[in-house]
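Trainee: File start-v3.txt below, compact mmCIF, C-alpha atoms:
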# COMPACT_ATOMS: atom_id res chain seq x y z
CA ARG B 6 0.00 0.00 0.00
CA TYR B 7 2.87 2.36 0.74
CA THR B 8 4.22 2.00 -2.78
CA SER B 9 1.00 1.63 -4.76
CA GLU B 10 -1.33 4.04 -2.96
CA LEU B 11 0.88 6.55 -1.22
CA ALA B 12 3.98 6.81 -3.41
CA ASN B 13 2.55 5.98 -6.84
CA ASP B 14 -0.96 7.40 -6.51
CA PHE B 15 -1.00 10.25 -4.01
CA GLY B 16 2.62 11.41 -4.02
CA ASN B 17 3.12 11.02 -7.75
CA LEU B 18 -0.12 12.87 -8.51
CA ALA B 19 1.01 15.86 -6.46
CA SER B 20 4.46 15.78 -8.03
CA ARG B 21 3.11 15.50 -11.59
CA LEU B 22 0.70 18.39 -11.06
CA ALA B 23 3.42 20.69 -9.73
CA ALA B 24 5.76 19.78 -12.60
CA MET B 25 3.09 20.29 -15.26
CA VAL B 26 1.84 23.61 -13.85
CA ALA B 27 5.46 24.79 -13.69
CA LYS B 28 6.16 23.68 -17.25
CA TYR B 29 2.91 24.67 -18.96
CA CYS B 30 1.65 27.61 -16.85
CA ASP B 31 4.81 29.11 -15.33
CA GLY B 32 3.81 27.77 -11.90
CA VAL B 33 0.52 29.67 -11.77
CA LEU B 34 -2.81 27.88 -11.49
CA PRO B 35 -5.01 28.63 -14.50
CA ALA B 36 -8.65 29.75 -14.41
CA VAL B 37 -11.20 27.80 -12.40
CA LYS B 38 -12.66 24.94 -14.44
CA HIS B 39 -15.32 22.45 -13.54
CA ASP B 40 -15.28 18.74 -14.32
CA PRO B 41 -18.74 17.42 -13.40
CA GLU B 42 -17.58 13.79 -13.23
CA LEU B 43 -14.73 14.52 -10.81
CA GLN B 44 -16.96 16.75 -8.71
CA SER B 45 -19.65 14.08 -8.54
CA PHE B 46 -17.07 11.44 -7.61
CA LEU B 47 -15.69 13.76 -4.92
CA HIS B 48 -19.15 14.42 -3.49
CA ALA B 49 -19.85 10.68 -3.25
CA THR B 50 -16.40 10.12 -1.75
CA VAL B 51 -16.94 12.72 0.96
CA GLU B 52 -20.32 11.28 1.92
CA LYS B 53 -19.12 7.67 1.99
CA ALA B 54 -15.82 8.39 3.75
CA ASP B 55 -17.39 10.69 6.34
CA THR B 56 -20.04 8.09 7.17
CA ALA B 57 -17.43 5.35 7.51
CA ILE B 58 -15.15 7.43 9.71
CA CYS B 59 -18.03 8.60 11.92
CA ASP B 60 -18.88 4.91 12.33
CA LEU B 61 -15.23 4.37 13.39
CA ASP B 62 -14.58 2.31 10.26
CA PHE B 63 -11.36 4.14 9.48
CA GLN B 64 -10.10 1.59 6.97
CA SER B 65 -13.20 1.90 4.78
CA GLY B 66 -13.05 5.68 5.00
CA ILE B 67 -9.41 5.79 3.94
CA VAL B 68 -9.96 3.23 1.16
CA THR B 69 -12.82 5.38 -0.17
CA ILE B 70 -10.59 8.46 -0.21
CA MET B 71 -7.82 6.56 -1.97
CA GLU B 72 -10.33 5.41 -4.62
CA PHE B 73 -10.91 9.08 -5.40
CA CYS B 74 -7.15 9.58 -5.64
CA LYS B 75 -6.93 6.68 -8.11
CA ARG B 76 -9.78 8.20 -10.13
CA VAL B 77 -7.94 11.52 -10.36
CA ASN B 78 -4.81 9.70 -11.52
CA GLY B 79 -6.94 7.95 -14.15
CA TYR B 80 -8.34 11.32 -15.22
CA VAL B 81 -4.82 12.68 -15.76
CA THR B 82 -3.80 9.56 -17.68
CA GLU B 83 -6.93 9.71 -19.86
CA GLU B 84 -6.65 13.43 -20.59
CA GLU B 85 -2.90 13.26 -21.40
CA PRO B 86 -1.94 16.85 -20.56
CA TRP B 87 1.60 16.22 -21.86
CA ILE B 88 0.05 15.57 -25.29
CA LEU B 89 -2.38 18.49 -25.03
CA ALA B 90 0.53 20.83 -24.31
CA LYS B 91 2.07 20.11 -27.73
CA ASP B 92 -0.69 21.95 -29.58
CA PRO B 93 -1.46 25.59 -28.64
CA GLU B 94 -5.07 25.06 -29.74
CA ASN B 95 -5.49 22.71 -26.76
CA LYS B 96 -4.48 25.38 -24.22
CA GLU B 97 -7.95 25.74 -22.68
CA HIS B 98 -8.39 21.98 -22.36
CA LEU B 99 -4.89 21.61 -20.88
CA GLU B 100 -5.61 24.33 -18.33
CA ALA B 101 -8.90 22.65 -17.41
CA VAL B 102 -7.10 19.35 -16.75
CA LEU B 103 -4.48 21.09 -14.61
CA TYR B 104 -7.05 23.06 -12.64
CA ASN B 105 -9.26 20.02 -12.02
CA THR B 106 -6.26 18.02 -10.86
CA ALA B 107 -5.20 20.78 -8.47
CA GLU B 108 -8.72 21.13 -7.10
CA SER B 109 -8.86 17.37 -6.56
CA LEU B 110 -5.57 17.51 -4.66
CA ARG B 111 -6.97 20.31 -2.50
CA ALA B 112 -9.84 18.02 -1.54
CA LEU B 113 -7.48 15.10 -0.92
CA ALA B 114 -5.37 17.26 1.40
CA VAL B 115 -8.44 18.04 3.50
CA LEU B 116 -9.74 14.47 3.48
CA LEU B 117 -6.40 12.87 4.38
CA ASN B 118 -5.29 15.54 6.85
CA PRO B 119 -6.54 13.62 9.93
CA VAL B 120 -4.37 10.61 9.07
CA MET B 121 -1.38 12.33 7.39
CA PRO B 122 -1.25 15.86 8.78
CA ALA B 123 2.41 16.59 8.01
CA THR B 124 2.20 15.36 4.41
CA CYS B 125 -1.12 17.08 3.78
CA GLU B 126 0.23 20.35 5.17
CA ILE B 127 3.14 20.17 2.71
CA LEU B 128 0.66 19.54 -0.12
CA TRP B 129 -1.53 22.42 1.08
CA GLN B 130 1.47 24.76 1.01
CA SER B 131 2.48 23.43 -2.44
CA LEU B 132 -1.00 24.30 -3.77
CA GLY B 133 -0.70 27.85 -2.43
CA ALA B 134 -3.89 27.19 -0.47
CA ASN B 135 -2.81 28.89 2.78
CA GLU B 136 -2.70 32.23 1.01
CA SER B 137 -5.98 31.79 -0.86
CA ILE B 138 -8.21 29.55 1.27
CA GLY B 139 -6.74 29.63 4.76
CA LYS B 140 -5.19 27.08 7.07
CA LEU B 141 -5.65 23.40 6.33
CA ALA B 142 -6.65 22.73 9.93
CA ASP B 143 -9.57 25.18 9.56
CA GLN B 144 -11.14 23.34 6.59
CA GLU B 145 -14.45 21.61 7.25
CA ILE B 146 -15.47 18.28 5.82
CA GLY B 147 -18.90 19.66 4.91
CA SER B 148 -17.46 22.08 2.37
CA VAL B 149 -14.65 19.97 0.92
CA SER B 150 -16.74 18.90 -2.09
CA THR B 151 -17.53 22.50 -3.10
CA TRP B 152 -15.67 22.73 -6.41
CA GLY B 153 -13.54 25.73 -7.36
CA GLN B 154 -12.05 26.74 -4.02
CA LEU B 155 -8.52 27.14 -5.34
CA PRO B 156 -8.51 30.50 -7.10
CA ALA B 157 -6.86 31.14 -10.44
CA GLY B 158 -3.44 32.66 -9.93
CA SER B 159 -2.48 30.48 -6.97
CA VAL B 160 1.21 29.73 -7.14
CA ILE B 161 1.86 25.98 -7.30
CA THR B 162 5.28 24.91 -6.07
CA LYS B 163 7.09 21.61 -6.17
CA SER B 164 7.69 20.08 -2.77
CA ALA B 165 9.93 17.33 -1.51
CA VAL B 166 8.94 13.78 -2.40
CA PHE B 167 6.12 12.81 -0.03
CA PHE B 168 6.79 9.09 -0.03
CA PRO B 169 10.28 8.09 -1.18
CA ARG B 170 10.52 4.74 -2.90
CA LEU B 171 11.34 2.03 -0.38
CA ASP B 172 14.23 0.69 -2.46
CA VAL B 173 15.79 4.18 -2.33
CA ILE B 174 15.38 4.44 1.46
CA ALA B 175 16.98 1.05 2.20
Before anything else, please render the file you have as structure tokens.
Mentor:
Amino acid sequence: RYTSELANDFGNLASRLAAMVAKYCDGVLPAVKHDPELQSFLHATVEKADTAICDLDFQSGIVTIMEFCKRVNGYVTEEEPWILAKDPENKEHLEAVLYNTAESLRALAVLLNPVMPATCEILWQSLGANESIGKLADQEIGSVSTWGQLPAGSVITKSAVFFPRLDVIA
């Protein structure tokens, strides 16, 4: 789980977003875009995870959140922003993919904060969310699925690797 869910899914998603926003948007988050499918998936995730955690079924809650993370990774893979970036006519679509990915990571930071506060705080800082939304600790679960909270113009920065590969650590 460390390698597949944390390093490959969550950590890699955050790293890829920061690298792509740096490369394609000079490190600045583009205009707010709305992906109805991701938003719907997030809304269902929040409801299911919150219910599980309130029922003290932490494993199911965390698994539900990680399913959303996998869906966002699938979204990035399907949309292929690295291909979109090759054609200037795809700029709006590229920016939509980058914004939706960043907004999904904002939600993941809030959802995973209770179980990974240090890592989620680093992600929150990387998304420039402290300056635009406020402290991560002040975010409420009831509003996490409201899409579009990260404002355009937020500065996205690359952070240290969240979950180093185990073969590198050893």
Trainee: Between B:Glu145, B:Glu108, B:Glu126, B:Asp62, which is the closest to Asp40 in chain B once you count all atoms listed in the file?
Mentor: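 Result for the nearest residue to Asp40 in chain B: B:Glu108.
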Trainee: Leaving out Pro35 in chain B and any residue of its chain fewer than 6 positions from it, which residues lie within 9 Å of it when counting only C-alpha atoms, given as a VMD selection string?
Mentor: chain B and resid 26 100 to 101 103 to 104 156 to 159
Trainee: Restricting the calculation to only C-alpha atoms, which member of B:Val160, B:Ile146, B:Val77, B:Leu113 is positioned closest to Leu43 in chain B?
Mentor: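 Closest to Leu43 in chain B, using only C-alpha atoms: B:Val77.
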Trainee: Which is closest to Gly147 in chain B among B:Val33, B:Thr56, B:Phe73, B:Ala27, if we use only C-alpha atoms?
Mentor: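 When distances to Gly147 in chain B are compared using only C-alpha atoms, the smallest one comes from B:Thr56.
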Trainee: Smallest atom-to-atom distance to Ala36 in chain B: which of B:Val68, B:Ile138, B:Leu22, B:Val102, using all atoms listed in the file?
Mentor: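 Among B:Val68, B:Ile138, B:Leu22, B:Val102, it is B:Val102 that comes nearest to Ala36 in chain B.
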Trainee: From the options B:Ile88, B:Ile67, B:Ala142, B:Val37, which residue's atoms come nearest to Pro122 in chain B, counting all atoms listed in the file?
Mentor: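 Looking at the shortest contact to Pro122 in chain B, the residue is B:Ala142.
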Trainee: Rank B:Asp31, B:Asp92, B:Asp55, B:Glu42 by their smallest atom-to-atom distance to Val149 in chain B, using all atoms listed in the file, and report the top residue only.
Mentor: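 That would be B:Asp55, the residue with the smallest distance to Val149 in chain B.
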Trainee: Within 12 Å of range 117-120 of chain B, counting only C-alpha atoms, which residues qualify if same-chain residues fewer than 3 places away don't, as a ChimeraX atom specification?
Mentor: /B:11,15,51,54-55,58,63-64,66-71,73-74,110-114,123-129,140-146,149
Trainee: Using all atoms listed in the file, which residues sit within 12 Å of Leu89 in chain B once same-chain residues fewer than 5 positions away are excluded, as an NGL selection string?
Mentor: :B and (25 or 29 or 81-84 or 94-103)
Trainee: Please define a box with edges along x, y and z of the file around all atoms of range 25-42 of chain B given in the file, extend it by 5 Å on each side, and return its centre and edge lengths in Å to one decimal, as lines of an AutoDock Vina configuration file.
Mentor:
center_x = -6.3
center_y = 21.8
center_z = -15.2
size_x = 34.9
size_y = 26.0
size_z = 17.5
Trainee: Just give me the gap between CA of Glu136 in chain B and CA of Glu72 in chain B in Å, one decimal is fine.
Mentor: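 That distance, rounded to one decimal, is 28.4 Å.
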Trainee: To one decimal place, how far is CA of Ser109 in chain B from CA of Asp14 in chain B in Å?
Mentor: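 If I compute the distance from CA of Ser109 in chain B to CA of Asp14 in chain B, I get 12.7 Å.
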Trainee: What is the distance between CA of Ala107 in chain B and CA of Gly139 in chain B, in Å to one decimal?
Mentor: 16.0 Å
